[in-house]
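As provided, start19.txt (compact mmCIF, C-alpha atoms) reads as follows.
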```
# COMPACT_ATOMS: atom_id res chain seq x y z
CA MET A 31 0.00 0.00 0.00
CA PRO A 32 2.77 2.56 0.72
CA SER A 33 4.21 2.03 -2.78
CA THR A 34 0.86 2.93 -4.41
CA THR A 35 0.54 6.14 -2.35
CA LYS A 36 4.00 7.22 -3.51
CA ILE A 37 3.01 6.61 -7.12
CA HIS A 38 -0.26 8.53 -6.73
CA PHE A 39 1.49 11.41 -4.97
CA GLY A 40 3.99 11.61 -7.84
CA TYR A 41 1.19 11.67 -10.43
CA ILE A 42 -0.71 14.42 -8.59
CA ILE A 43 2.37 16.64 -8.22
CA SER A 44 3.37 16.18 -11.85
CA ILE A 45 -0.18 17.00 -13.07
CA LEU A 46 -0.31 20.15 -10.88
CA VAL A 47 3.10 21.33 -12.11
CA ALA A 48 2.03 20.76 -15.75
CA VAL A 49 -1.20 22.75 -15.18
CA ILE A 50 0.72 25.65 -13.56
CA ILE A 51 3.23 25.75 -16.43
CA ALA A 52 0.44 25.64 -19.01
CA LEU A 53 -1.49 28.47 -17.30
CA VAL A 54 1.60 30.64 -16.94
CA THR A 55 2.61 30.23 -20.58
CA VAL A 56 -0.86 30.55 -22.13
CA LYS A 57 -2.78 32.96 -19.93
CA TRP A 58 -0.14 35.31 -18.59
CA SER A 59 2.24 35.53 -21.53
CA ASP A 60 0.93 39.00 -22.43
CA ILE A 61 1.91 40.45 -18.96
CA PRO A 62 5.35 42.09 -19.48
CA THR A 63 6.43 42.21 -15.81
CA LEU A 64 5.49 38.62 -15.07
CA ALA A 65 9.14 37.56 -15.14
CA ASN A 66 10.01 40.18 -12.49
CA TYR A 67 7.17 38.97 -10.27
CA LEU A 68 8.35 35.39 -10.64
CA TYR A 69 11.93 36.36 -9.81
CA PHE A 70 10.74 38.26 -6.72
CA ALA A 71 8.56 35.32 -5.60
CA LEU A 72 11.47 32.90 -6.12
CA GLY A 73 13.77 35.19 -4.10
CA VAL A 74 11.29 35.40 -1.22
CA ALA A 75 10.77 31.63 -1.32
CA SER A 76 14.53 31.04 -1.22
CA LEU A 77 14.84 33.41 1.76
CA VAL A 78 12.05 31.57 3.61
CA LEU A 79 13.69 28.24 2.83
CA ALA A 80 17.05 29.58 4.07
CA VAL A 81 15.47 30.65 7.38
CA VAL A 82 13.82 27.24 7.70
CA ALA A 83 17.18 25.56 7.00
CA ILE A 84 18.90 27.67 9.66
CA VAL A 85 16.23 26.85 12.27
CA TYR A 86 16.44 23.17 11.35
CA ALA A 87 20.24 23.28 11.67
CA PHE A 88 19.93 24.70 15.21
CA LEU A 89 17.43 22.03 16.20
CA ALA A 90 19.49 19.23 14.64
CA ASN A 91 22.63 20.52 16.34
CA ASN A 92 20.86 20.59 19.72
CA SER A 93 19.63 17.02 19.35
CA PHE A 94 23.10 16.02 18.14
CA ASN A 95 24.64 17.58 21.28
CA LEU A 96 22.17 15.64 23.46
CA THR A 97 23.07 12.43 21.65
CA VAL A 98 26.79 13.11 22.09
CA ALA A 99 26.27 13.77 25.81
CA LYS A 100 24.41 10.47 26.17
CA LEU A 101 27.20 8.67 24.30
CA GLU A 102 29.82 10.25 26.56
CA SER A 103 27.98 9.18 29.71
CA ALA A 104 27.55 5.66 28.32
CA ALA A 105 31.26 5.53 27.43
CA SER A 106 32.22 6.62 30.95
CA ALA A 107 29.90 4.00 32.46
CA ILE A 108 31.45 1.34 30.22
CA GLN A 109 34.92 2.50 31.23
CA THR A 110 34.15 2.18 34.96
CA GLU A 111 32.54 -1.23 34.48
CA THR A 112 35.57 -2.32 32.45
CA GLY A 113 37.85 -1.28 35.32
CA ILE A 114 35.76 -3.28 37.79
CA LEU A 115 35.80 -6.27 35.44
CA GLU A 116 39.58 -6.03 35.03
CA LYS A 117 40.02 -6.05 38.83
CA SER A 118 37.75 -9.08 39.12
CA VAL A 119 39.61 -10.94 36.40
CA SER A 120 42.99 -10.21 37.99
CA GLY A 121 41.67 -11.41 41.37
CA LEU A 122 40.34 -14.55 39.73
CA ALA A 123 43.69 -15.12 38.02
CA LYS A 124 45.47 -14.86 41.39
CA ARG A 125 43.05 -17.36 42.95
CA LEU A 126 43.51 -19.71 39.99
CA ASN A 127 47.27 -19.54 40.50
CA GLU A 128 46.73 -20.62 44.12
CA VAL A 129 44.76 -23.73 43.07
CA PRO A 130 47.82 -25.90 42.18
CA GLU A 131 49.42 -25.11 45.55
CA ALA A 132 46.21 -26.07 47.36
CA LEU A 133 46.01 -29.28 45.35
CA GLN A 134 49.59 -30.13 46.26
CA LEU A 135 48.79 -29.51 49.92
CA ILE A 136 45.75 -31.77 49.71
CA GLU A 137 47.77 -34.41 47.87
CA GLY A 138 50.39 -34.31 50.66
CA LYS A 139 47.72 -34.75 53.32
CA VAL A 140 46.11 -37.62 51.41
CA SER A 141 49.47 -39.37 51.01
CA ARG A 142 50.19 -38.92 54.76
CA THR A 143 46.77 -40.35 55.61
CA HIS A 144 47.40 -43.24 53.26
CA ALA A 145 50.77 -43.88 54.91
CA LEU A 146 49.20 -43.78 58.37
CA LEU A 147 46.51 -46.24 57.27
CA GLU A 148 49.13 -48.58 55.86
CA ALA A 149 51.19 -48.34 59.05
CA SER A 150 48.11 -49.03 61.14
CA SER A 151 47.21 -51.95 58.90
CA GLN A 152 50.74 -53.35 59.20
CA GLN A 153 50.56 -52.96 62.98
CA HIS A 154 47.32 -54.91 63.15
CA LYS A 155 48.75 -57.59 60.89
CA GLY A 156 51.89 -57.83 63.00
CA GLU A 157 49.97 -58.30 66.29
CA PRO A 158 49.71 -61.83 67.49
CA GLN A 159 46.38 -63.53 66.99
CA ASN A 160 46.35 -65.17 70.39
CA GLN A 161 43.69 -62.86 71.77
CA SER A 162 40.59 -64.69 72.61
CA LYS A 163 37.20 -63.93 71.17
CA SER A 164 35.85 -62.95 74.56
CA ALA A 165 38.49 -60.20 74.93
CA SER A 166 37.50 -58.65 71.62
CA ILE A 167 33.80 -58.98 72.50
CA ASP A 168 34.41 -57.33 75.89
CA GLU A 169 36.30 -54.49 74.18
CA PHE A 170 33.45 -54.10 71.71
CA ALA A 171 30.90 -54.04 74.53
CA VAL A 172 32.88 -51.40 76.42
CA ASN A 173 33.02 -49.26 73.25
CA VAL A 174 29.28 -49.64 72.68
CA ILE A 175 28.49 -48.80 76.31
CA ASP A 176 30.78 -45.75 76.25
CA HIS A 177 29.15 -44.55 73.05
CA PHE A 178 25.70 -45.18 74.53
CA PHE A 179 26.49 -43.13 77.65
CA MET A 180 27.91 -40.29 75.59
CA SER A 181 24.88 -40.05 73.30
CA SER A 182 22.10 -40.67 75.89
CA SER A 183 20.26 -37.99 77.85
CA TRP A 184 20.64 -37.56 81.61
CA ASN A 185 17.03 -38.58 82.33
CA GLY A 186 17.39 -41.65 80.14
CA LEU A 187 20.47 -42.68 82.11
CA LYS A 188 18.55 -42.25 85.39
CA VAL A 189 15.74 -44.51 84.16
CA LEU A 190 18.30 -47.03 82.96
CA HIS A 191 19.97 -47.02 86.42
CA LEU A 192 16.55 -47.43 88.04
CA CYS A 193 15.89 -50.46 85.83
CA TYR A 194 19.31 -51.86 86.74
CA LEU A 195 18.64 -51.49 90.47
CA ALA A 196 15.17 -53.05 90.15
CA CYS A 197 16.66 -56.00 88.27
CA GLU A 198 19.44 -56.45 90.79
CA LYS A 199 17.10 -56.37 93.81
CA LYS A 200 14.41 -58.36 92.00
CA LYS A 201 11.74 -55.75 92.62
CA GLU A 202 9.12 -54.73 90.13
CA PHE A 203 8.05 -51.16 89.52
CA ASP A 204 5.60 -49.37 87.25
CA LEU A 205 6.96 -46.55 85.04
CA LYS A 206 3.41 -45.27 84.41
CA ALA A 207 3.03 -44.56 88.13
CA TRP A 208 6.19 -42.45 88.01
CA ALA A 209 4.94 -40.48 84.99
CA GLU A 210 1.74 -39.38 86.78
```
Can you turn what I pasted into structure tokens?
Amino acid sequence: MPSTTKIHFGYIISILVAVIIALVTVKWSDIPTLANYLYFALGVASLVLAVVAIVYAFLANNSFNLTVAKLESAASAIQTETGILEKSVSGLAKRLNEVPEALQLIEGKVSRTHALLEASSQQHKGEPQNQSKSASIDEFAVNVIDHFFMSSSWNGLKVLHLCYLACEKKKEFDLKAWAE
């Protein structure tokens, strides 16, 4: 649709120009000062167009100055962000350089742990196997009891002691009566 309006606009302008030229040549050819009037009208039109061009130049220059100011502020913002980014990248580079040292430290600790485990394993292999099963069971029981006492609450230990005393003296008791 826009292409047809351009074509129609061109036809209308060309028809109007042809009519004006035909009227000027046919109708007003017998007026001797017509050329002077036309020259005067063309001079006034050129002066008006010059004033319009000057006003447009001022307006365009003002908008250009605003655009340049916006570009300058954007460039300064980009420059500050670039500085911040450069600092971040240099900090990251320093931290990345520290990674191999940290890995070597971890590797040393892992190798020491591995050596300690091997030494402990060799110690257990070198111990004589003449310990009886009951000694290892007693040691296990002591470990379980110690762990139980460490992880139990104080009130739970009291109830457990109460149960132990009742079992030792062969006396029955009712926990529900104590709860009331």
* Interatomic distance, CA of Val172 (chain A) to CA of Glu198 (chain A) (Å, one decimal) -> 20.3 Å
* **Point-to-point distance in Å for CA of Ala196 (chain A) and CA of Ile175 (chain A)** => 19.7 Å
Let me know the centre plus edge lengths, in Å and rounded to one decimal, of a box with edges along x, y and z that contains all listed atoms of region 36-39 of chain A and is padded by 6 Å on every side, as lines of an AutoDock Vina configuration file.
```
center_x = 1.9
center_y = 9.0
center_z = -5.3
size_x = 16.3
size_y = 16.8
size_z = 15.6
```
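When CA of Tyr86 (chain A) is paired with CA of Ala104 (chain A), their separation reads 26.8 Å.
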